[in-house]
>>> print(open('protein-v2.pdb').read())   # PDB, C-alpha atoms, pLDDT in the B column
MODEL        1
ATOM      1  CA  LEU A   1     -22.131 -49.119 -23.301  1.00 67.00           C
ATOM      2  CA  TYR A   2     -20.532 -49.709 -19.914  1.00 73.00           C
ATOM      3  CA  ASN A   3     -17.529 -51.658 -18.785  1.00 83.00           C
ATOM      4  CA  THR A   4     -17.556 -53.456 -15.500  1.00 91.00           C
ATOM      5  CA  MET A   5     -15.922 -56.512 -14.046  1.00 96.00           C
ATOM      6  CA  PHE A   6     -15.889 -58.855 -11.127  1.00 97.00           C
ATOM      7  CA  LEU A   7     -13.167 -60.911  -9.505  1.00 98.00           C
ATOM      8  CA  VAL A   8     -13.709 -64.281  -7.858  1.00 98.00           C
ATOM      9  CA  HIS A   9     -11.465 -64.705  -4.815  1.00 97.00           C
ATOM     10  CA  ASN A  10     -11.150 -67.382  -2.136  1.00 96.00           C
ATOM     11  CA  SER A  11     -14.132 -66.328  -0.060  1.00 94.00           C
ATOM     12  CA  GLY A  12     -16.367 -64.546  -2.542  1.00 98.00           C
ATOM     13  CA  VAL A  13     -16.718 -62.044  -5.347  1.00 98.00           C
ATOM     14  CA  ILE A  14     -15.513 -58.462  -5.691  1.00 98.00           C
ATOM     15  CA  ALA A  15     -17.644 -56.460  -8.143  1.00 98.00           C
ATOM     16  CA  ILE A  16     -16.665 -53.151  -9.715  1.00 98.00           C
ATOM     17  CA  ASP A  17     -19.524 -50.701 -10.229  1.00 97.00           C
ATOM     18  CA  ALA A  18     -23.161 -51.625 -10.735  1.00 96.00           C
ATOM     19  CA  PRO A  19     -24.617 -49.957 -13.829  1.00 95.00           C
ATOM     20  CA  PRO A  20     -28.420 -49.722 -13.760  1.00 94.00           C
ATOM     21  CA  THR A  21     -28.585 -50.873 -17.377  1.00 92.00           C
ATOM     22  CA  LEU A  22     -27.140 -54.210 -16.276  1.00 92.00           C
ATOM     23  CA  GLY A  23     -28.849 -54.597 -12.898  1.00 90.00           C
ATOM     24  CA  GLU A  24     -30.064 -58.147 -12.369  1.00 93.00           C
ATOM     25  CA  ARG A  25     -28.168 -59.399 -15.432  1.00 95.00           C
ATOM     26  CA  TYR A  26     -24.888 -58.482 -13.741  1.00 96.00           C
ATOM     27  CA  LEU A  27     -25.756 -60.547 -10.678  1.00 97.00           C
ATOM     28  CA  LYS A  28     -26.965 -63.380 -12.913  1.00 97.00           C
ATOM     29  CA  ALA A  29     -23.644 -63.347 -14.788  1.00 96.00           C
ATOM     30  CA  ILE A  30     -21.798 -63.648 -11.479  1.00 97.00           C
ATOM     31  CA  ARG A  31     -23.998 -66.591 -10.432  1.00 97.00           C
ATOM     32  CA  GLU A  32     -23.304 -68.301 -13.764  1.00 98.00           C
ATOM     33  CA  ILE A  33     -19.558 -68.188 -13.033  1.00 98.00           C
ATOM     34  CA  THR A  34     -19.461 -69.005  -9.326  1.00 98.00           C
ATOM     35  CA  PRO A  35     -21.734 -69.964  -6.418  1.00 98.00           C
ATOM     36  CA  LYS A  36     -19.633 -67.771  -4.103  1.00 98.00           C
ATOM     37  CA  PRO A  37     -21.355 -64.715  -2.632  1.00 98.00           C
ATOM     38  CA  VAL A  38     -20.606 -61.135  -3.567  1.00 98.00           C
ATOM     39  CA  THR A  39     -18.617 -59.818  -0.616  1.00 98.00           C
ATOM     40  CA  HIS A  40     -17.422 -56.445  -1.942  1.00 98.00           C
ATOM     41  CA  LEU A  41     -18.613 -53.771  -4.332  1.00 98.00           C
ATOM     42  CA  ILE A  42     -16.186 -51.063  -5.436  1.00 98.00           C
ATOM     43  CA  TYR A  43     -17.527 -47.730  -6.651  1.00 98.00           C
ATOM     44  CA  THR A  44     -15.300 -46.062  -9.228  1.00 96.00           C
ATOM     45  CA  HIS A  45     -17.223 -42.815  -8.703  1.00 96.00           C
ATOM     46  CA  SER A  46     -20.633 -41.511  -7.634  1.00 97.00           C
ATOM     47  CA  HIS A  47     -22.527 -41.205 -10.925  1.00 97.00           C
ATOM     48  CA  ALA A  48     -25.818 -43.111 -10.987  1.00 96.00           C
ATOM     49  CA  ASP A  49     -25.121 -44.429 -14.472  1.00 95.00           C
ATOM     50  CA  HIS A  50     -22.221 -46.399 -12.971  1.00 95.00           C
ATOM     51  CA  ILE A  51     -23.582 -47.440  -9.554  1.00 97.00           C
ATOM     52  CA  GLY A  52     -27.358 -47.030  -9.870  1.00 97.00           C
ATOM     53  CA  ALA A  53     -27.966 -50.771  -9.443  1.00 97.00           C
ATOM     54  CA  ALA A  54     -25.899 -51.050  -6.248  1.00 98.00           C
ATOM     55  CA  HIS A  55     -29.104 -51.439  -4.221  1.00 98.00           C
ATOM     56  CA  LEU A  56     -29.661 -54.818  -5.922  1.00 98.00           C
ATOM     57  CA  PHE A  57     -26.528 -56.273  -4.369  1.00 98.00           C
ATOM     58  CA  PRO A  58     -26.792 -58.234  -1.107  1.00 96.00           C
ATOM     59  CA  ARG A  59     -27.194 -56.209   2.061  1.00 95.00           C
ATOM     60  CA  GLY A  60     -24.227 -56.288   4.389  1.00 96.00           C
ATOM     61  CA  ILE A  61     -21.524 -56.451   1.731  1.00 98.00           C
ATOM     62  CA  THR A  62     -18.512 -54.178   1.984  1.00 98.00           C
ATOM     63  CA  ILE A  63     -18.891 -51.183  -0.321  1.00 98.00           C
ATOM     64  CA  ILE A  64     -15.611 -49.448  -1.076  1.00 98.00           C
ATOM     65  CA  ALA A  65     -15.244 -45.913  -2.412  1.00 98.00           C
ATOM     66  CA  HIS A  66     -12.988 -42.883  -2.310  1.00 98.00           C
ATOM     67  CA  GLU A  67     -13.799 -40.410   0.458  1.00 97.00           C
ATOM     68  CA  ARG A  68     -14.906 -37.820  -2.123  1.00 98.00           C
ATOM     69  CA  THR A  69     -17.355 -40.297  -3.602  1.00 98.00           C
ATOM     70  CA  ALA A  70     -18.717 -41.002  -0.134  1.00 98.00           C
ATOM     71  CA  ALA A  71     -19.140 -37.273   0.520  1.00 98.00           C
ATOM     72  CA  ILE A  72     -21.061 -36.784  -2.715  1.00 98.00           C
ATOM     73  CA  LEU A  73     -23.301 -39.772  -2.031  1.00 98.00           C
ATOM     74  CA  ALA A  74     -24.032 -38.482   1.474  1.00 97.00           C
ATOM     75  CA  THR A  75     -25.533 -35.344  -0.044  1.00 97.00           C
ATOM     76  CA  ARG A  76     -27.533 -37.235  -2.690  1.00 95.00           C
ATOM     77  CA  LYS A  77     -29.275 -39.672  -0.339  1.00 92.00           C
ATOM     78  CA  ASP A  78     -30.170 -41.918  -3.278  1.00 97.00           C
ATOM     79  CA  PRO A  79     -31.450 -45.328  -2.081  1.00 97.00           C
ATOM     80  CA  ARG A  80     -30.186 -46.892  -5.315  1.00 97.00           C
ATOM     81  CA  ARG A  81     -26.631 -45.966  -4.319  1.00 98.00           C
ATOM     82  CA  PRO A  82     -25.954 -47.198  -0.763  1.00 97.00           C
ATOM     83  CA  HIS A  83     -23.325 -45.296   1.166  1.00 97.00           C
ATOM     84  CA  PRO A  84     -19.851 -46.883   1.174  1.00 98.00           C
ATOM     85  CA  THR A  85     -18.811 -48.830   4.241  1.00 97.00           C
ATOM     86  CA  LEU A  86     -15.058 -48.610   3.635  1.00 97.00           C
ATOM     87  CA  LEU A  87     -13.147 -45.559   2.408  1.00 95.00           C
TER      88      LEU A  87
ENDMDL
END
>>> encode(input="protein-v2.pdb", output="structure tokens")
Amino acid sequence: LYNTMFLVHNSGVIAIDAPPTLGERYLKAIREITPKPVTHLIYTHSHADHIGAAHLFPRGITIIAHERTAAILATRKDPRRPHPTLL
């Protein structure tokens, strides 16, 4: 069981985490609510069970994370968990 959420704002969608157990269903749920694009993805932390489906999100979005999360992800080099673009 995982909790996640997304917020629809004026120019797009901000998603929080990307659990691998939800993957495509998470993106489908967003599309069922709004046609706006996902513009941001926020990582709560580095664990794959919370952000292991981040690679399914559109390329070029802003990925936000704490600097410690970014440091951990830099050592993991996991293609399922793209490196944050904003700390």
>>> residues_near_point(input="protein-v2.pdb", point="(-19.8, -42.3, 2.1)", cutoff="9 Å", atoms="all atoms listed in the file", output="list in words")
Ile64, Ala65, His66, Glu67, Arg68, Thr69, Ala70, Ala71, Ile72, Leu73, Ala74, Pro82, His83, Pro84, Thr85, Leu86 and Leu87 of chain A
>>> resolve_selection(input="protein-v2.pdb", expression="the PyMOL selection byres ((chain A and resi 14-16) around 7)", output="list in words")
Thr4, Met5, Phe6, Leu7, Val8, Gly12, Val13, Asp17, Ala18, Val38, Thr39, His40, Leu41, Ile42 and Tyr43 of chain A
>>> write_last_selection(input="protein-v2.pdb", atoms="C-alpha atoms", output="tab-separated table (two decimals), in the coordinates of the input")
chain	number	residue	atom	x	y	z
A	4	THR	CA	-17.56	-53.46	-15.50
A	5	MET	CA	-15.92	-56.51	-14.05
A	6	PHE	CA	-15.89	-58.86	-11.13
A	7	LEU	CA	-13.17	-60.91	-9.51
A	8	VAL	CA	-13.71	-64.28	-7.86
A	12	GLY	CA	-16.37	-64.55	-2.54
A	13	VAL	CA	-16.72	-62.04	-5.35
A	17	ASP	CA	-19.52	-50.70	-10.23
A	18	ALA	CA	-23.16	-51.62	-10.74
A	38	VAL	CA	-20.61	-61.14	-3.57
A	39	THR	CA	-18.62	-59.82	-0.62
A	40	HIS	CA	-17.42	-56.44	-1.94
A	41	LEU	CA	-18.61	-53.77	-4.33
A	42	ILE	CA	-16.19	-51.06	-5.44
A	43	TYR	CA	-17.53	-47.73	-6.65
>>> residues_around(input="protein-v2.pdb", residues="Pro19 (chain A)", least_positions_apart="5", cutoff="7 Å", atoms="all atoms listed in the file", output="PDB file with C-alpha atoms, in the frame of the given file")
ATOM      1  CA  ASP A  49     -25.121 -44.429 -14.472  1.00 95.00           C
ATOM      2  CA  HIS A  50     -22.221 -46.399 -12.971  1.00 95.00           C
ATOM      3  CA  ILE A  51     -23.582 -47.440  -9.554  1.00 97.00           C
ATOM      4  CA  GLY A  52     -27.358 -47.030  -9.870  1.00 97.00           C
ATOM      5  CA  ALA A  53     -27.966 -50.771  -9.443  1.00 97.00           C
TER       6      ALA A  53
END
>>> closest_residue(input="protein-v2.pdb", among="A:Ala54, A:Thr75, A:Lys36, A:Thr44", to="Pro20 (chain A)", atoms="all atoms listed in the file")
A:Ala54
>>> atom_distance(input="protein-v2.pdb", atom1="CA of Pro37 (chain A)", atom2="CA of Phe57 (chain A)")
10.1 Å
>>> atom_distance(input="protein-v2.pdb", atom1="CA of Ala48 (chain A)", atom2="CA of Pro79 (chain A)")
10.8 Å
>>> atom_distance(input="protein-v2.pdb", atom1="CA of His45 (chain A)", atom2="CA of Leu22 (chain A)")
16.9 Å
>>> decode(input="protein-v2.pdb", residues="chain A", atoms="C-alpha atoms", output="PDB file, in the first residue's frame")
ATOM      1  CA  LEU A   1       0.000   0.000   0.000  1.00  0.00           C
ATOM      2  CA  TYR A   2       1.392   3.370  -1.038  1.00  0.00           C
ATOM      3  CA  ASN A   3       0.103   6.885  -0.774  1.00  0.00           C
ATOM      4  CA  THR A   4       0.784   9.369  -3.494  1.00  0.00           C
ATOM      5  CA  MET A   5      -0.916  12.407  -4.906  1.00  0.00           C
ATOM      6  CA  PHE A   6      -0.888  14.893  -7.705  1.00  0.00           C
ATOM      7  CA  LEU A   7      -1.905  18.523  -7.937  1.00  0.00           C
ATOM      8  CA  VAL A   8      -3.357  20.156 -11.033  1.00  0.00           C
ATOM      9  CA  HIS A   9      -2.162  23.751 -11.384  1.00  0.00           C
ATOM     10  CA  ASN A  10      -2.586  26.410 -14.066  1.00  0.00           C
ATOM     11  CA  SER A  11       0.018  25.081 -16.468  1.00  0.00           C
ATOM     12  CA  GLY A  12       0.207  21.394 -15.633  1.00  0.00           C
ATOM     13  CA  VAL A  13       0.424  18.689 -13.009  1.00  0.00           C
ATOM     14  CA  ILE A  14       2.740  18.248 -10.034  1.00  0.00           C
ATOM     15  CA  ALA A  15       3.098  14.586  -9.024  1.00  0.00           C
ATOM     16  CA  ILE A  16       4.476  13.341  -5.719  1.00  0.00           C
ATOM     17  CA  ASP A  17       6.508  10.136  -5.923  1.00  0.00           C
ATOM     18  CA  ALA A  18       6.102   7.426  -8.536  1.00  0.00           C
ATOM     19  CA  PRO A  19       5.690   3.993  -6.947  1.00  0.00           C
ATOM     20  CA  PRO A  20       6.556   1.131  -9.310  1.00  0.00           C
ATOM     21  CA  THR A  21       3.449  -0.756  -8.207  1.00  0.00           C
ATOM     22  CA  LEU A  22       1.345   2.023  -9.718  1.00  0.00           C
ATOM     23  CA  GLY A  23       3.447   2.863 -12.777  1.00  0.00           C
ATOM     24  CA  GLU A  24       1.273   3.395 -15.836  1.00  0.00           C
ATOM     25  CA  ARG A  25      -1.913   3.398 -13.741  1.00  0.00           C
ATOM     26  CA  TYR A  26      -0.713   6.542 -11.972  1.00  0.00           C
ATOM     27  CA  LEU A  27      -0.231   8.354 -15.271  1.00  0.00           C
ATOM     28  CA  LYS A  28      -3.583   7.036 -16.501  1.00  0.00           C
ATOM     29  CA  ALA A  29      -5.288   8.392 -13.371  1.00  0.00           C
ATOM     30  CA  ILE A  30      -3.765  11.809 -14.047  1.00  0.00           C
ATOM     31  CA  ARG A  31      -4.986  11.720 -17.667  1.00  0.00           C
ATOM     32  CA  GLU A  32      -8.487  10.817 -16.469  1.00  0.00           C
ATOM     33  CA  ILE A  33      -8.578  13.997 -14.358  1.00  0.00           C
ATOM     34  CA  THR A  34      -6.905  16.510 -16.661  1.00  0.00           C
ATOM     35  CA  PRO A  35      -5.438  16.835 -20.166  1.00  0.00           C
ATOM     36  CA  LYS A  36      -2.676  19.067 -18.761  1.00  0.00           C
ATOM     37  CA  PRO A  37       0.865  17.684 -18.908  1.00  0.00           C
ATOM     38  CA  VAL A  38       2.887  16.558 -15.926  1.00  0.00           C
ATOM     39  CA  THR A  39       5.396  19.357 -15.414  1.00  0.00           C
ATOM     40  CA  HIS A  40       6.940  18.397 -12.058  1.00  0.00           C
ATOM     41  CA  LEU A  41       7.691  15.257 -10.094  1.00  0.00           C
ATOM     42  CA  ILE A  42       8.657  15.555  -6.431  1.00  0.00           C
ATOM     43  CA  TYR A  43      10.670  12.787  -4.795  1.00  0.00           C
ATOM     44  CA  THR A  44       9.958  12.398  -1.091  1.00  0.00           C
ATOM     45  CA  HIS A  45      13.088  10.248  -0.775  1.00  0.00           C
ATOM     46  CA  SER A  46      15.327   7.929  -2.794  1.00  0.00           C
ATOM     47  CA  HIS A  47      13.827   4.486  -2.156  1.00  0.00           C
ATOM     48  CA  ALA A  48      12.890   2.606  -5.326  1.00  0.00           C
ATOM     49  CA  ASP A  49       9.593   1.489  -3.828  1.00  0.00           C
ATOM     50  CA  HIS A  50       8.536   5.153  -3.833  1.00  0.00           C
ATOM     51  CA  ILE A  51      10.103   6.483  -7.056  1.00  0.00           C
ATOM     52  CA  GLY A  52      10.858   3.358  -9.105  1.00  0.00           C
ATOM     53  CA  ALA A  53       8.372   4.342 -11.826  1.00  0.00           C
ATOM     54  CA  ALA A  54       9.803   7.849 -12.288  1.00  0.00           C
ATOM     55  CA  HIS A  55      11.314   6.782 -15.622  1.00  0.00           C
ATOM     56  CA  LEU A  56       7.767   6.437 -17.013  1.00  0.00           C
ATOM     57  CA  PHE A  57       7.097  10.142 -16.604  1.00  0.00           C
ATOM     58  CA  PRO A  58       7.680  12.487 -19.556  1.00  0.00           C
ATOM     59  CA  ARG A  59      11.270  13.411 -20.304  1.00  0.00           C
ATOM     60  CA  GLY A  60      12.161  17.014 -19.625  1.00  0.00           C
ATOM     61  CA  ILE A  61       9.921  17.510 -16.603  1.00  0.00           C
ATOM     62  CA  THR A  62      11.304  19.180 -13.504  1.00  0.00           C
ATOM     63  CA  ILE A  63      12.215  16.593 -10.877  1.00  0.00           C
ATOM     64  CA  ILE A  64      12.513  18.038  -7.389  1.00  0.00           C
ATOM     65  CA  ALA A  65      14.315  16.405  -4.474  1.00  0.00           C
ATOM     66  CA  HIS A  66      16.309  17.184  -1.359  1.00  0.00           C
ATOM     67  CA  GLU A  67      20.060  17.427  -1.913  1.00  0.00           C
ATOM     68  CA  ARG A  68      20.613  14.264   0.158  1.00  0.00           C
ATOM     69  CA  THR A  69      18.214  12.356  -2.062  1.00  0.00           C
ATOM     70  CA  ALA A  70      20.070  13.609  -5.123  1.00  0.00           C
ATOM     71  CA  ALA A  71      23.395  12.498  -3.631  1.00  0.00           C
ATOM     72  CA  ILE A  72      22.074   9.010  -2.936  1.00  0.00           C
ATOM     73  CA  LEU A  73      20.600   8.692  -6.420  1.00  0.00           C
ATOM     74  CA  ALA A  74      23.895   9.805  -7.967  1.00  0.00           C
ATOM     75  CA  THR A  75      25.595   6.801  -6.388  1.00  0.00           C
ATOM     76  CA  ARG A  76      22.840   4.354  -7.389  1.00  0.00           C
ATOM     77  CA  LYS A  77      22.742   5.215 -11.097  1.00  0.00           C
ATOM     78  CA  ASP A  78      19.346   3.530 -11.431  1.00  0.00           C
ATOM     79  CA  PRO A  79      17.708   4.363 -14.795  1.00  0.00           C
ATOM     80  CA  ARG A  80      14.283   3.893 -13.197  1.00  0.00           C
ATOM     81  CA  ARG A  81      15.010   6.830 -10.888  1.00  0.00           C
ATOM     82  CA  PRO A  82      16.174   9.818 -12.971  1.00  0.00           C
ATOM     83  CA  HIS A  83      18.384  12.307 -11.191  1.00  0.00           C
ATOM     84  CA  PRO A  84      16.591  15.397  -9.843  1.00  0.00           C
ATOM     85  CA  THR A  85      16.843  18.593 -11.843  1.00  0.00           C
ATOM     86  CA  LEU A  86      15.998  20.958  -8.980  1.00  0.00           C
ATOM     87  CA  LEU A  87      17.238  20.691  -5.394  1.00  0.00           C
TER      88      LEU A  87
END
